[in-house]
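*Asks:* Provided below: my_file-v4.csv, containing CSV, C-alpha atoms.
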chain,number,residue,atom,x,y,z
N,1,MET,CA,113.8,95.1,144.1
N,2,PRO,CA,112.2,92.8,146.6
N,3,ARG,CA,109.9,90.2,145.1
N,4,HIS,CA,106.9,91.4,147.1
N,5,GLU,CA,107.1,95.0,145.9
N,6,SER,CA,104.3,95.8,143.5
N,7,TRP,CA,105.0,96.8,140.0
N,8,THR,CA,104.9,100.5,139.3
N,9,ARG,CA,102.8,101.9,136.5
N,10,ASP,CA,105.9,102.7,134.5
N,11,GLN,CA,107.2,99.2,134.9
N,12,LEU,CA,103.8,97.8,133.8
N,13,LEU,CA,103.9,100.1,130.8
N,14,MET,CA,107.4,98.9,129.9
N,15,ALA,CA,106.3,95.3,130.1
N,16,LEU,CA,103.2,96.0,127.9
N,17,ARG,CA,105.4,97.9,125.4
N,18,LEU,CA,107.8,94.9,125.3
N,19,TYR,CA,104.9,92.6,124.6
N,20,PHE,CA,103.9,94.7,121.6
N,21,ARG,CA,107.4,94.8,120.3
N,22,LEU,CA,108.6,91.2,120.6
N,23,PRO,CA,107.2,88.0,119.0
N,24,PHE,CA,105.7,85.7,121.6
N,25,GLY,CA,108.5,83.1,121.1
N,26,LYS,CA,111.1,85.6,122.2
N,27,LEU,CA,109.5,86.5,125.5
N,28,HIS,CA,111.9,84.5,127.6
N,29,LYS,CA,114.4,85.5,130.3
N,30,SER,CA,117.5,84.9,128.2
N,31,ASN,CA,116.5,87.3,125.5
N,32,VAL,CA,119.1,90.0,125.5
N,33,GLU,CA,116.4,92.7,125.0
N,34,ILE,CA,114.6,91.4,128.1
N,35,VAL,CA,117.8,91.2,130.1
N,36,ARG,CA,118.8,94.8,129.2
N,37,LEU,CA,115.3,96.2,129.9
N,38,ALA,CA,114.9,94.3,133.1
N,39,LYS,CA,118.1,95.9,134.4
N,40,GLN,CA,116.9,99.4,133.4
N,41,ILE,CA,113.5,99.0,135.2
N,42,GLY,CA,114.8,97.3,138.3
N,43,ARG,CA,113.3,93.9,137.7
N,44,THR,CA,114.7,90.4,137.1
N,45,PRO,CA,114.7,89.1,133.5
N,46,SER,CA,112.5,86.2,134.7
N,47,ALA,CA,110.0,88.6,136.2
N,48,LEU,CA,109.9,90.8,133.2
N,49,ALA,CA,109.5,87.9,130.8
N,50,MET,CA,106.7,86.4,132.9
N,51,LYS,CA,104.9,89.8,133.1
N,52,ALA,CA,105.1,90.2,129.3
N,53,CYS,CA,103.8,86.6,128.9
N,54,ASN,CA,100.9,87.5,131.2
N,55,PHE,CA,99.6,89.8,128.5
N,56,ALA,CA,99.5,86.8,126.1
N,57,ASN,CA,96.9,85.3,128.4
N,58,LEU,CA,94.8,88.4,128.0
N,59,ASP,CA,95.3,88.5,124.2
N,60,PRO,CA,92.6,86.6,122.3
N,61,ASN,CA,94.8,86.5,119.2
N,62,ILE,CA,97.5,84.3,120.8
N,63,LYS,CA,96.8,80.6,120.6
N,64,GLN,CA,99.9,79.5,122.5
N,65,LYS,CA,99.4,81.0,125.9
N,66,GLY,CA,101.9,81.9,128.6
N,67,LEU,CA,101.6,81.3,132.3
N,68,SER,CA,98.1,81.9,133.7
N,69,GLY,CA,99.3,84.5,136.2
N,70,ALA,CA,97.9,87.8,134.9
N,71,SER,CA,97.1,90.1,137.8
N,72,ARG,CA,94.3,92.6,138.2
N,73,ALA,CA,96.8,95.3,137.4
N,74,ASP,CA,97.9,93.5,134.2
N,75,ALA,CA,94.2,93.1,133.1
N,76,ALA,CA,93.5,96.7,134.0
N,77,ILE,CA,96.3,98.2,131.9
N,78,TRP,CA,95.5,95.8,129.0
N,79,ASP,CA,91.9,97.0,129.1
N,80,GLU,CA,93.1,100.6,129.4
N,81,PHE,CA,95.1,100.2,126.2
N,82,HIS,CA,92.2,98.8,124.2
N,83,SER,CA,89.9,101.6,125.4
N,84,ASN,CA,92.6,104.3,124.7
N,85,PRO,CA,95.4,102.9,122.6
N,86,THR,CA,96.9,106.2,121.5
N,87,GLY,CA,96.9,107.7,125.0
N,88,LEU,CA,98.5,104.6,126.6
N,89,ALA,CA,101.0,104.1,123.7
N,90,LEU,CA,102.2,107.7,124.3
N,91,GLU,CA,102.5,107.1,128.0
N,92,ALA,CA,104.4,103.9,127.4
N,93,GLU,CA,106.8,105.6,125.0
N,94,GLU,CA,107.3,108.5,127.5
N,95,ALA,CA,108.1,105.9,130.2
N,96,ALA,CA,110.6,104.3,127.8
N,97,ALA,CA,112.2,107.7,127.3
N,98,ARG,CA,112.5,108.0,131.1
N,99,PHE,CA,114.1,104.6,131.4
N,100,HIS,CA,116.5,105.5,128.5
N,101,ALA,CA,115.1,102.5,126.6
N,102,MET,CA,114.1,104.2,123.4
N,103,GLY,CA,115.5,102.4,120.3
N,104,GLU,CA,116.4,103.9,117.0
N,105,ASP,CA,113.4,102.5,115.2
N,106,ALA,CA,111.1,105.5,115.3
N,107,GLU,CA,109.5,106.0,111.9
N,108,PRO,CA,110.6,109.3,110.4
N,109,ILE,CA,107.9,111.8,109.5
N,110,SER,CA,108.0,114.6,107.0
N,111,LEU,CA,107.5,117.7,109.1
N,112,GLU,CA,109.2,121.1,109.2
N,113,MET,CA,111.4,121.7,112.2
N,114,PRO,CA,109.5,123.2,115.1
N,115,THR,CA,109.9,126.8,115.9
N,116,GLY,CA,108.8,126.7,119.6
N,117,PRO,CA,108.6,124.4,122.6
N,118,THR,CA,104.8,123.7,122.1
N,119,GLU,CA,105.3,122.6,118.5
N,120,ARG,CA,108.4,120.7,119.3
N,121,ASP,CA,106.6,118.8,122.1
N,122,SER,CA,103.7,118.0,119.8
N,123,ILE,CA,106.1,116.5,117.2
N,124,VAL,CA,107.8,114.4,119.8
N,125,ARG,CA,104.5,113.0,120.9
N,126,VAL,CA,103.6,112.2,117.3
N,127,ARG,CA,106.8,110.4,116.7
N,128,ARG,CA,106.4,108.4,119.9
N,129,VAL,CA,102.9,107.2,119.0
N,130,GLN,CA,104.1,106.3,115.5
N,131,SER,CA,107.1,104.4,116.9
N,132,PHE,CA,104.8,102.3,119.1
N,133,PHE,CA,102.4,101.6,116.2
N,134,ARG,CA,105.1,100.7,113.8
N,135,ALA,CA,106.8,98.3,116.2
N,136,ALA,CA,103.5,96.6,117.0
N,137,VAL,CA,102.4,96.2,113.4
N,138,LEU,CA,105.8,95.1,112.0
N,139,THR,CA,106.2,92.6,114.9
N,140,SER,CA,102.7,91.2,114.2
N,141,TYR,CA,103.6,90.6,110.5
N,142,ASN,CA,107.2,89.5,111.3
N,143,GLY,CA,108.4,92.5,109.1
N,144,ARG,CA,106.7,91.0,106.0
N,145,CYS,CA,104.5,92.9,103.6
N,146,ALA,CA,101.0,91.5,103.9
N,147,ILE,CA,100.5,91.5,100.1
N,148,SER,CA,103.9,91.0,98.4
N,149,GLY,CA,105.7,89.1,101.2
N,150,ILE,CA,108.8,91.2,100.9
N,151,THR,CA,110.7,91.6,104.2
N,152,GLY,CA,113.1,94.1,105.7
N,153,PRO,CA,112.5,97.2,107.9
N,154,GLU,CA,113.8,99.5,105.1
N,155,MET,CA,111.1,98.1,102.7
N,156,VAL,CA,108.0,98.0,104.7
N,157,ILE,CA,105.7,100.5,106.4
N,158,ALA,CA,103.1,100.2,109.1
N,159,SER,CA,100.1,101.5,107.2
N,160,HIS,CA,97.0,102.9,108.9
N,161,ILE,CA,93.7,101.5,107.6
N,162,VAL,CA,91.6,104.3,109.1
N,163,PRO,CA,93.9,107.3,108.4
N,164,TRP,CA,95.9,109.0,111.2
N,165,SER,CA,94.2,112.3,110.6
N,166,GLU,CA,90.7,110.8,111.0
N,167,SER,CA,90.9,108.9,114.2
N,168,GLU,CA,93.0,110.0,117.1
N,169,LYS,CA,92.0,107.0,119.1
N,170,ARG,CA,93.2,104.5,116.5
N,171,ARG,CA,96.5,106.0,115.8
N,172,ALA,CA,98.4,103.5,117.9
N,173,ASP,CA,95.9,100.6,117.5
N,174,PRO,CA,97.7,97.7,115.8
N,175,THR,CA,94.4,96.3,114.6
N,176,ASN,CA,94.1,99.5,112.5
N,177,GLY,CA,97.3,98.6,110.7
N,178,LEU,CA,98.7,96.6,107.8
N,179,CYS,CA,102.4,95.9,107.1
N,180,LEU,CA,102.9,96.9,103.4
N,181,ASN,CA,105.8,97.7,101.2
N,182,THR,CA,106.2,101.3,100.1
N,183,LEU,CA,104.5,100.7,96.8
N,184,PHE,CA,101.4,99.0,98.2
N,185,ASP,CA,101.3,101.5,101.1
N,186,ARG,CA,101.1,104.4,98.6
N,187,ALA,CA,98.4,102.6,96.5
N,188,PHE,CA,96.4,101.7,99.7
N,189,ASP,CA,96.6,105.3,101.0
N,190,ARG,CA,95.4,106.7,97.6
N,191,LEU,CA,92.5,104.2,97.4
N,192,LEU,CA,93.9,102.5,94.4
N,193,ILE,CA,93.8,99.1,96.2
N,194,SER,CA,91.7,97.8,99.1
N,195,VAL,CA,90.8,94.5,100.7
N,196,ASP,CA,87.5,92.6,100.4
N,197,GLU,CA,85.5,90.8,103.1
N,198,ASP,CA,87.5,87.7,102.6
N,199,GLY,CA,90.9,89.4,102.9
N,200,LYS,CA,91.7,89.5,99.2
N,201,VAL,CA,93.2,92.4,97.4
N,202,LEU,CA,90.9,94.7,95.3
N,203,VAL,CA,92.4,96.8,92.5
N,204,SER,CA,90.7,100.0,91.3
N,205,PRO,CA,89.9,100.5,87.6
N,206,ARG,CA,91.6,103.9,88.0
N,207,LEU,CA,94.9,102.1,88.5
N,208,ARG,CA,94.4,100.0,85.4
N,209,GLU,CA,93.9,103.2,83.4
N,210,ARG,CA,97.2,104.6,84.6
N,211,VAL,CA,99.5,101.6,84.2
N,212,HIS,CA,100.2,101.6,80.4
N,213,GLY,CA,102.7,98.7,80.8
N,214,ALA,CA,104.7,100.1,83.7
N,215,SER,CA,106.3,97.3,85.6
N,216,LEU,CA,105.4,98.6,89.0
N,217,GLY,CA,101.8,99.2,88.0
N,218,CYS,CA,101.7,95.7,86.7
N,219,ASP,CA,102.9,94.4,90.0
N,220,LEU,CA,99.9,96.2,91.7
N,221,ILE,CA,97.4,94.8,89.2
N,222,ALA,CA,98.9,91.3,89.5
N,223,ALA,CA,98.1,91.5,93.2
N,224,GLU,CA,94.3,91.5,92.6
N,225,GLY,CA,92.6,88.6,94.3
N,226,ARG,CA,95.7,87.8,96.4
N,227,GLN,CA,95.0,86.7,99.9
N,228,LEU,CA,96.5,88.9,102.7
N,229,ILE,CA,99.2,87.3,104.8
N,230,ARG,CA,97.7,86.9,108.3
N,231,PRO,CA,99.6,88.4,111.2
N,232,SER,CA,100.5,86.3,114.2
N,233,ARG,CA,98.4,88.7,116.3
N,234,PHE,CA,96.5,91.9,116.0
N,235,ALA,CA,94.7,90.9,112.8
N,236,PRO,CA,93.2,93.9,110.9
N,237,ASP,CA,89.9,95.0,112.3
N,238,PRO,CA,87.1,94.1,109.8
N,239,SER,CA,85.3,97.3,110.5
N,240,ALA,CA,88.3,99.4,109.7
N,241,LEU,CA,88.8,97.5,106.4
N,242,ALA,CA,85.1,97.9,105.6
N,243,GLU,CA,85.5,101.7,106.1
N,244,HIS,CA,88.5,101.7,103.8
N,245,ARG,CA,86.6,99.6,101.2
N,246,ALA,CA,83.7,102.0,101.2
N,247,ARG,CA,86.0,104.8,100.5
N,248,PHE,CA,87.7,102.7,97.8
N,249,PHE,CA,84.4,102.1,96.0
N,250,ALA,CA,83.3,105.7,96.4
N,251,ALA,CA,86.5,106.8,94.7
N,252,ILE,CA,85.6,104.6,91.7
N,253,THR,CA,82.2,106.0,91.1
Turn this file's structure into structure tokens for me.
*Replies:*
Amino acid sequence: MPRHESWTRDQLLMALRLYFRLPFGKLHKSNVEIVRLAKQIGRTPSALAMKACNFANLDPNIKQKGLSGASRADAAIWDEFHSNPTGLALEAEEAAARFHAMGEDAEPISLEMPTGPTERDSIVRVRRVQSFFRAAVLTSYNGRCAISGITGPEMVIASHIVPWSESEKRRADPTNGLCLNTLFDRAFDRLLISVDEDGKVLVSPRLRERVHGASLGCDLIAAEGRQLIRPSRFAPDPSALAEHRARFFAAIT
């Protein structure tokens, strides 16, 4: 593709998607993922890596910045994501499907098999949004549970702070996520643990009443007061944590 030809919307979406899925230090032209994707979308690895790095200049969470060459189109699609993260995430995953760039990391969901095309399409959209969210959150935490520190894609989950069912807009927003292992994810979802204003773990008295010496329960209780591991980017939104914390305290009373 000639250098002067403008990036298409699908190409921009793929570059943005790449930015969310790769640590900043891996956004370079020799990365095999960038080389492969660049070929698929008809750009050079250097151009794709530079385009992804442009988003770092727009990301207030990145201290180490890339080249200061973000275009108006880059800024526009970045702002569009933050105003409508779920919609843009879905569009990016659909673009990835068109470019045959979908990986095998989509998070499975427990749903019955669809019986018709409308239901099937709906489930595909859900899976695509979940895949985007999971990749962004796990990349931000380097695949490490924010409470226990355990690593490994099989052991951790991208947990929504504001539940999926309660905010369509925030379903793909990585600042509405925490990387938690399966035990802490379940406890967080059930309002048995939460996070205080200083980023420290709160444990519900309801959990203490249920432990009775069980080792896993003791692991949860031992986490009380532990400081959350901070992600490299997309730190959890304080307002989302405050909403979860309010639900946590309401469940105690």
*Asks:* Report as a list in words all protein, DNA and RNA residues lying within 8 Å of Lys169 of chain N, evaluated on all atoms listed in the file, omitting residues in the same chain fewer than 6 positions from it.
*Replies:* Asn84, Pro85, Thr86 and Gly87 of chain N
*Asks:* Looking at N:Asp196, N:Glu5, N:Asp79, N:Glu91, which one is nearest to Arg43 of chain N, with distances taken over only C-alpha atoms?
*Replies:*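 With only C-alpha atoms as the atom set, the closest residue is N:Glu5.
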*Asks:* Between N:Ala95, N:Ala47, N:Ala136, N:Leu13, which residue has the minimum interatomic distance to Pro231 of chain N, considering all atoms listed in the file?
*Replies:*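 Looking at the shortest contact to Pro231 of chain N, the residue is N:Ala136.
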*Asks:* Please measure the separation of atom CA of Ser122 of chain N and atom CA of Ala158 of chain N, giving the value in Å to one decimal.
*Replies:*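 So the answer is 20.8 Å.
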*Asks:* Report, in Å with one decimal, the straight-line distance from atom CA of Val124 of chain N to atom CA of Ser83 of chain N.
*Replies:*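 Going from atom CA of Val124 of chain N over to atom CA of Ser83 of chain N covers 22.7 Å.
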*Asks:* Counting all atoms listed in the file, select every polymer residue within 10 Å of (84.9, 93.1, 105.3) as defined in the file's coordinates, and provide the selection as number ranges by chain.
*Replies:* N: 195-200, 237-246
*Asks:* Would you export the selected residues with C-alpha atoms as a PDB file, in the frame of the given file, please?
*Replies:*
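Contents of again_9.pdb, as written:
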ATOM      1  CA  VAL N 195      90.800  94.500 100.700  1.00  0.00           C
ATOM      2  CA  ASP N 196      87.500  92.600 100.400  1.00  0.00           C
ATOM      3  CA  GLU N 197      85.500  90.800 103.100  1.00  0.00           C
ATOM      4  CA  ASP N 198      87.500  87.700 102.600  1.00  0.00           C
ATOM      5  CA  GLY N 199      90.900  89.400 102.900  1.00  0.00           C
ATOM      6  CA  LYS N 200      91.700  89.500  99.200  1.00  0.00           C
ATOM      7  CA  ASP N 237      89.900  95.000 112.300  1.00  0.00           C
ATOM      8  CA  PRO N 238      87.100  94.100 109.800  1.00  0.00           C
ATOM      9  CA  SER N 239      85.300  97.300 110.500  1.00  0.00           C
ATOM     10  CA  ALA N 240      88.300  99.400 109.700  1.00  0.00           C
ATOM     11  CA  LEU N 241      88.800  97.500 106.400  1.00  0.00           C
ATOM     12  CA  ALA N 242      85.100  97.900 105.600  1.00  0.00           C
ATOM     13  CA  GLU N 243      85.500 101.700 106.100  1.00  0.00           C
ATOM     14  CA  HIS N 244      88.500 101.700 103.800  1.00  0.00           C
ATOM     15  CA  ARG N 245      86.600  99.600 101.200  1.00  0.00           C
ATOM     16  CA  ALA N 246      83.700 102.000 101.200  1.00  0.00           C
TER      17      ALA N 246
END
*Asks:* Since the input lacks some atoms of segment 46-60 of chain N, please model N, CA and C atoms and print them as a PDB file, in the frame of the given file.
*Replies:*
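Wrote it out as result_29.pdb, contents follow:
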ATOM      1  N   SER N  46     113.554  87.162 134.554  1.00  0.00           N
ATOM      2  CA  SER N  46     112.500  86.200 134.700  1.00  0.00           C
ATOM      3  C   SER N  46     111.145  86.884 134.992  1.00  0.00           C
ATOM      4  N   ALA N  47     111.193  87.871 135.879  1.00  0.00           N
ATOM      5  CA  ALA N  47     110.000  88.600 136.200  1.00  0.00           C
ATOM      6  C   ALA N  47     109.412  89.370 135.066  1.00  0.00           C
ATOM      7  N   LEU N  48     110.300  90.022 134.315  1.00  0.00           N
ATOM      8  CA  LEU N  48     109.900  90.800 133.200  1.00  0.00           C
ATOM      9  C   LEU N  48     109.282  89.918 132.086  1.00  0.00           C
ATOM     10  N   ALA N  49     109.968  88.803 131.794  1.00  0.00           N
ATOM     11  CA  ALA N  49     109.500  87.900 130.800  1.00  0.00           C
ATOM     12  C   ALA N  49     108.117  87.311 131.166  1.00  0.00           C
ATOM     13  N   MET N  50     107.963  86.968 132.455  1.00  0.00           N
ATOM     14  CA  MET N  50     106.700  86.400 132.900  1.00  0.00           C
ATOM     15  C   MET N  50     105.588  87.486 132.823  1.00  0.00           C
ATOM     16  N   LYS N  51     105.929  88.726 133.176  1.00  0.00           N
ATOM     17  CA  LYS N  51     104.900  89.800 133.100  1.00  0.00           C
ATOM     18  C   LYS N  51     104.483  90.023 131.671  1.00  0.00           C
ATOM     19  N   ALA N  52     105.437  90.018 130.730  1.00  0.00           N
ATOM     20  CA  ALA N  52     105.100  90.200 129.300  1.00  0.00           C
ATOM     21  C   ALA N  52     104.224  89.021 128.837  1.00  0.00           C
ATOM     22  N   CYS N  53     104.569  87.797 129.281  1.00  0.00           N
ATOM     23  CA  CYS N  53     103.800  86.600 128.900  1.00  0.00           C
ATOM     24  C   CYS N  53     102.378  86.668 129.468  1.00  0.00           C
ATOM     25  N   ASN N  54     102.229  87.335 130.614  1.00  0.00           N
ATOM     26  CA  ASN N  54     100.900  87.500 131.200  1.00  0.00           C
ATOM     27  C   ASN N  54      99.935  88.137 130.219  1.00  0.00           C
ATOM     28  N   PHE N  55     100.470  89.082 129.430  1.00  0.00           N
ATOM     29  CA  PHE N  55      99.600  89.800 128.500  1.00  0.00           C
ATOM     30  C   PHE N  55      99.127  88.836 127.374  1.00  0.00           C
ATOM     31  N   ALA N  56      99.917  87.781 127.094  1.00  0.00           N
ATOM     32  CA  ALA N  56      99.500  86.800 126.100  1.00  0.00           C
ATOM     33  C   ALA N  56      98.224  86.079 126.574  1.00  0.00           C
ATOM     34  N   ASN N  57      98.094  85.894 127.880  1.00  0.00           N
ATOM     35  CA  ASN N  57      96.900  85.300 128.400  1.00  0.00           C
ATOM     36  C   ASN N  57      95.668  86.138 128.253  1.00  0.00           C
ATOM     37  N   LEU N  58      95.906  87.431 128.139  1.00  0.00           N
ATOM     38  CA  LEU N  58      94.800  88.400 128.000  1.00  0.00           C
ATOM     39  C   LEU N  58      94.521  88.666 126.507  1.00  0.00           C
ATOM     40  N   ASP N  59      95.432  88.232 125.620  1.00  0.00           N
ATOM     41  CA  ASP N  59      95.300  88.500 124.200  1.00  0.00           C
ATOM     42  C   ASP N  59      94.573  87.404 123.487  1.00  0.00           C
ATOM     43  N   PRO N  60      93.366  87.647 122.985  1.00  0.00           N
ATOM     44  CA  PRO N  60      92.600  86.600 122.300  1.00  0.00           C
ATOM     45  C   PRO N  60      93.216  86.103 121.027  1.00  0.00           C
TER      46      PRO N  60
END
